[in-house]
Amino acid sequence: MQPTSDINPTKKPVIPLPNGGGIILVDKPRGPSSHQVAAWVREMTGVSQVGHTGTLDPQVSGVLVVLLGKAVRLTSILHLDEKEYICLMRLQGDVSQQDLETAVTEFTGKIYQRPPRRSAVKRALRIREILELEILSREGRQVLLRARCDSGTYIRSLCHHIGMALGVGAHMQELRRSRSADFRESQIHTLHDVRDAVEAAKAGNPDILSGMLLPMENSIKHLPTVTIKDSAAGAICHGARLSMRGIVKTDSFQMEDFVAIFTDSGELIGIGEALMSASRIIPGEKGLAVAPRIIFPDVDAYPAIWKGHSASGETSKA
């Protein structure tokens, strides 16, 4: 699919984004880069800020999380989420089914990897975890695998190492991402679907495109939450750290975990880093509990009198 100059000549958003941000799950085709796919979505929707998480190589297809508007601020968080892939591996020699199953089992767990030579990142040795590795089917030397793994795992390298362990060699023939965090293949839309929805919105029917947009909250469901008093939101939006005095309740989490910050009325304020474990937090008491890292509301949405203070009035040197 190639963009054309008349996709959105006004460069204005086709529809407003809920709370200033949203997510479209795109079925990235083989061929274009992830960056190019995100650029096409920007051209079509007219949204000036567009990004993506979990880069896919040009010849890899599947789930690409495209972030719109303020959701782009989530990039540093979402790229760490686990992924799932369906891989077609080709063995370069004959092996028994039992040997193949044994080798696949041995590659479940933490493994060492070095990025392939064709990778754009530094080829430093790294540790990644293969959470699940399953043989879906086999036809001769062609093996269909499902891998659930840490972000940044190189399936091409995994296939190569399985082949080495079997003593016959192997390579990745085809790869498709079937899941990114909680976003699944059943939720994705082709670029043609997005284009059709944009055209329908410009013709006065925004419902199709609105149905494709997911709220930012959907991308952080896996994070523990901290619920704060509505009156404490201003301090956080001005960069102050959150005091226990401003906290209503929390989920369970450990120190340095990322947490989602919501007001008691349900508004997503941002993402913070826990300065202590949830077990030590006593709502209403003194002490700084969370340092804000990503903020969504505009700073002028709350009174500037909060600037330089933590929620509920404690001085903060964030």
# chains A, B, ... in the order shown; residues from 1 in each chain; ligands from 1
>>> residues_around(residues="region 73-88 of chain A", least_positions_apart="6", cutoff="6 Å", atoms="only C-alpha atoms", output="JSON, numbers by chain")
{"A": [53, 54, 143, 144, 145, 146, 147, 148, 149, 150, 151, 173, 174, 175, 176, 177, 178, 179, 180, 181]}
>>> write_last_selection(atoms="C-alpha atoms", output="mmCIF file, in the first residue's frame")
data_model
loop_
_atom_site.group_PDB
_atom_site.id
_atom_site.type_symbol
_atom_site.label_atom_id
_atom_site.label_comp_id
_atom_site.auth_asym_id
_atom_site.auth_seq_id
_atom_site.Cartn_x
_atom_site.Cartn_y
_atom_site.Cartn_z
ATOM 1 C CA THR A 53 5.921 0.004 19.941
ATOM 2 C CA GLY A 54 7.764 -3.216 19.302
ATOM 3 C CA VAL A 143 8.465 -26.743 11.734
ATOM 4 C CA LEU A 144 5.787 -24.310 12.881
ATOM 5 C CA LEU A 145 6.572 -22.870 16.319
ATOM 6 C CA ARG A 146 4.771 -20.599 18.770
ATOM 7 C CA ALA A 147 7.034 -18.544 21.030
ATOM 8 C CA ARG A 148 6.004 -16.352 23.953
ATOM 9 C CA CYS A 149 8.992 -14.332 25.020
ATOM 10 C CA ASP A 150 10.538 -11.182 26.436
ATOM 11 C CA SER A 151 10.555 -8.059 24.328
ATOM 12 C CA GLN A 173 11.776 -18.898 7.068
ATOM 13 C CA GLU A 174 8.779 -16.762 8.046
ATOM 14 C CA LEU A 175 7.645 -14.877 11.147
ATOM 15 C CA ARG A 176 4.424 -13.260 12.330
ATOM 16 C CA ARG A 177 3.721 -11.504 15.625
ATOM 17 C CA SER A 178 0.454 -12.796 17.053
ATOM 18 C CA ARG A 179 0.397 -10.786 20.272
ATOM 19 C CA SER A 180 2.001 -7.712 21.835
ATOM 20 C CA ALA A 181 1.274 -7.424 25.572
#
>>> closest_residue(among="A:Asp94, A:Glu43, A:Glu256, A:Asp182", to="Gln142 (chain A)", atoms="only C-alpha atoms")
A:Asp94
>>> residues_around(residues="Val50 (chain A)", least_positions_apart="4", cutoff="6 Å", atoms="only C-alpha atoms", output="list of chain:residue names")
A:Arg42, A:Leu67, A:Leu68
>>> write_last_selection(atoms="all heavy atoms", output="tab-separated table (two decimals), in the first residue's frame")
chain	number	residue	atom	x	y	z
A	42	ARG	N	-0.32	8.17	10.19
A	42	ARG	CA	-0.30	9.61	10.46
A	42	ARG	C	-0.88	10.39	9.28
A	42	ARG	O	-1.68	11.31	9.45
A	42	ARG	CB	1.13	10.07	10.75
A	42	ARG	CG	1.22	11.57	11.07
A	42	ARG	CD	2.63	12.01	11.44
A	42	ARG	NE	3.56	11.81	10.35
A	42	ARG	CZ	4.57	10.95	10.38
A	42	ARG	NH1	4.77	10.20	11.44
A	42	ARG	NH2	5.38	10.82	9.34
A	67	LEU	N	0.51	4.19	18.19
A	67	LEU	CA	0.09	5.13	19.22
A	67	LEU	C	-0.22	6.49	18.60
A	67	LEU	O	0.57	6.99	17.79
A	67	LEU	CB	1.19	5.28	20.27
A	67	LEU	CG	1.72	3.97	20.86
A	67	LEU	CD1	2.92	4.24	21.75
A	67	LEU	CD2	0.62	3.25	21.64
A	68	LEU	N	-1.33	7.08	18.98
A	68	LEU	CA	-1.76	8.36	18.43
A	68	LEU	C	-1.84	9.41	19.53
A	68	LEU	O	-2.31	9.13	20.64
A	68	LEU	CB	-3.13	8.22	17.76
A	68	LEU	CG	-3.32	7.09	16.74
A	68	LEU	CD1	-4.76	7.06	16.25
A	68	LEU	CD2	-2.38	7.28	15.57
>>> select_by_dssp(residues="region 102-282 of chain A", states="alpha helix (DSSP H)", output="NGL selection string")
:A and (102-106 or 155-166 or 191-202 or 207-212 or 233-237)
>>> atom_distance(atom1="CA of Leu133 (chain A)", atom2="CA of Met164 (chain A)")
16.9 Å
>>> atom_distance(atom1="CA of Ile23 (chain A)", atom2="CA of Ser61 (chain A)")
18.2 Å
>>> closest_residue(among="A:Ser33, A:Gln92, A:Ser277, A:Thr190", to="Met172 (chain A)", atoms="only C-alpha atoms")
A:Gln92
>>> closest_residue(among="A:Lys229, A:His35, A:His161, A:Lys202", to="Glu106 (chain A)", atoms="only C-alpha atoms")
A:His161
>>> closest_residue(among="A:Ile155, A:Leu213, A:Leu17, A:Ala289", to="Val65 (chain A)", atoms="only C-alpha atoms")
A:Leu213
>>> residues_around(residues="Gly31 (chain A)", least_positions_apart="5", cutoff="12 Å", atoms="only C-alpha atoms", output="compact mmCIF listing (two decimals) with N, CA and C atoms, in the first residue's frame")
# COMPACT_ATOMS: atom_id res chain seq x y z
N MET A 1 0.85 -1.19 0.00
CA MET A 1 0.00 0.00 0.00
C MET A 1 0.88 1.23 0.00
N GLN A 2 0.67 2.13 -0.93
CA GLN A 2 1.45 3.36 -1.03
C GLN A 2 0.58 4.55 -0.67
N GLN A 36 7.43 3.13 8.58
CA GLN A 36 6.66 3.52 7.41
C GLN A 36 5.16 3.31 7.63
N VAL A 37 4.80 2.19 8.28
CA VAL A 37 3.39 1.92 8.57
C VAL A 37 2.82 3.01 9.48
N LEU A 56 8.93 -4.22 14.19
CA LEU A 56 8.97 -5.46 13.42
C LEU A 56 9.87 -5.24 12.19
N ASP A 57 10.71 -6.20 11.89
CA ASP A 57 11.54 -6.12 10.69
C ASP A 57 10.64 -6.04 9.45
N PRO A 58 11.13 -5.46 8.36
CA PRO A 58 10.29 -5.32 7.16
C PRO A 58 9.63 -6.61 6.69
N GLN A 59 10.32 -7.75 6.77
CA GLN A 59 9.74 -8.99 6.27
C GLN A 59 8.90 -9.75 7.30
N VAL A 60 8.68 -9.13 8.46
CA VAL A 60 7.85 -9.73 9.51
C VAL A 60 6.50 -9.04 9.53
N SER A 61 5.43 -9.82 9.68
CA SER A 61 4.07 -9.26 9.69
C SER A 61 3.46 -9.42 11.08
N GLY A 62 2.27 -8.84 11.23
CA GLY A 62 1.51 -9.08 12.45
C GLY A 62 1.20 -7.84 13.26
>>> closest_residue(among="A:His222, A:Lys110, A:Lys70, A:Lys28", to="Gly51 (chain A)", atoms="only C-alpha atoms")
A:Lys70
>>> residues_around(residues="Ser252 (chain A)", least_positions_apart="4", cutoff="9 Å", atoms="only C-alpha atoms", output="list of chain:residue names")
A:Pro224, A:Thr225, A:Ser277, A:Ala278, A:Ser279
>>> select_by_dssp(residues="region 109-210 of chain A", states="strand (DSSP E or B)", output="PyMOL selection string")
chain A and resi 109-113+126-139+142-149+170-180+183-184+189
>>> residues_around(residues="Gly266 (chain A)", least_positions_apart="4", cutoff="10 Å", atoms="only C-alpha atoms", output="PDB file with C-alpha atoms, in the first residue's frame")
ATOM      1  CA  THR A 227      -5.860   5.738  43.115  1.00  0.00           C
ATOM      2  CA  ILE A 228      -5.411   9.321  44.313  1.00  0.00           C
ATOM      3  CA  ASP A 230      -8.963  14.320  42.807  1.00  0.00           C
ATOM      4  CA  ILE A 261      -2.078   6.695  38.497  1.00  0.00           C
ATOM      5  CA  PHE A 262      -5.854   7.297  38.438  1.00  0.00           C
TER       6      PHE A 262
END
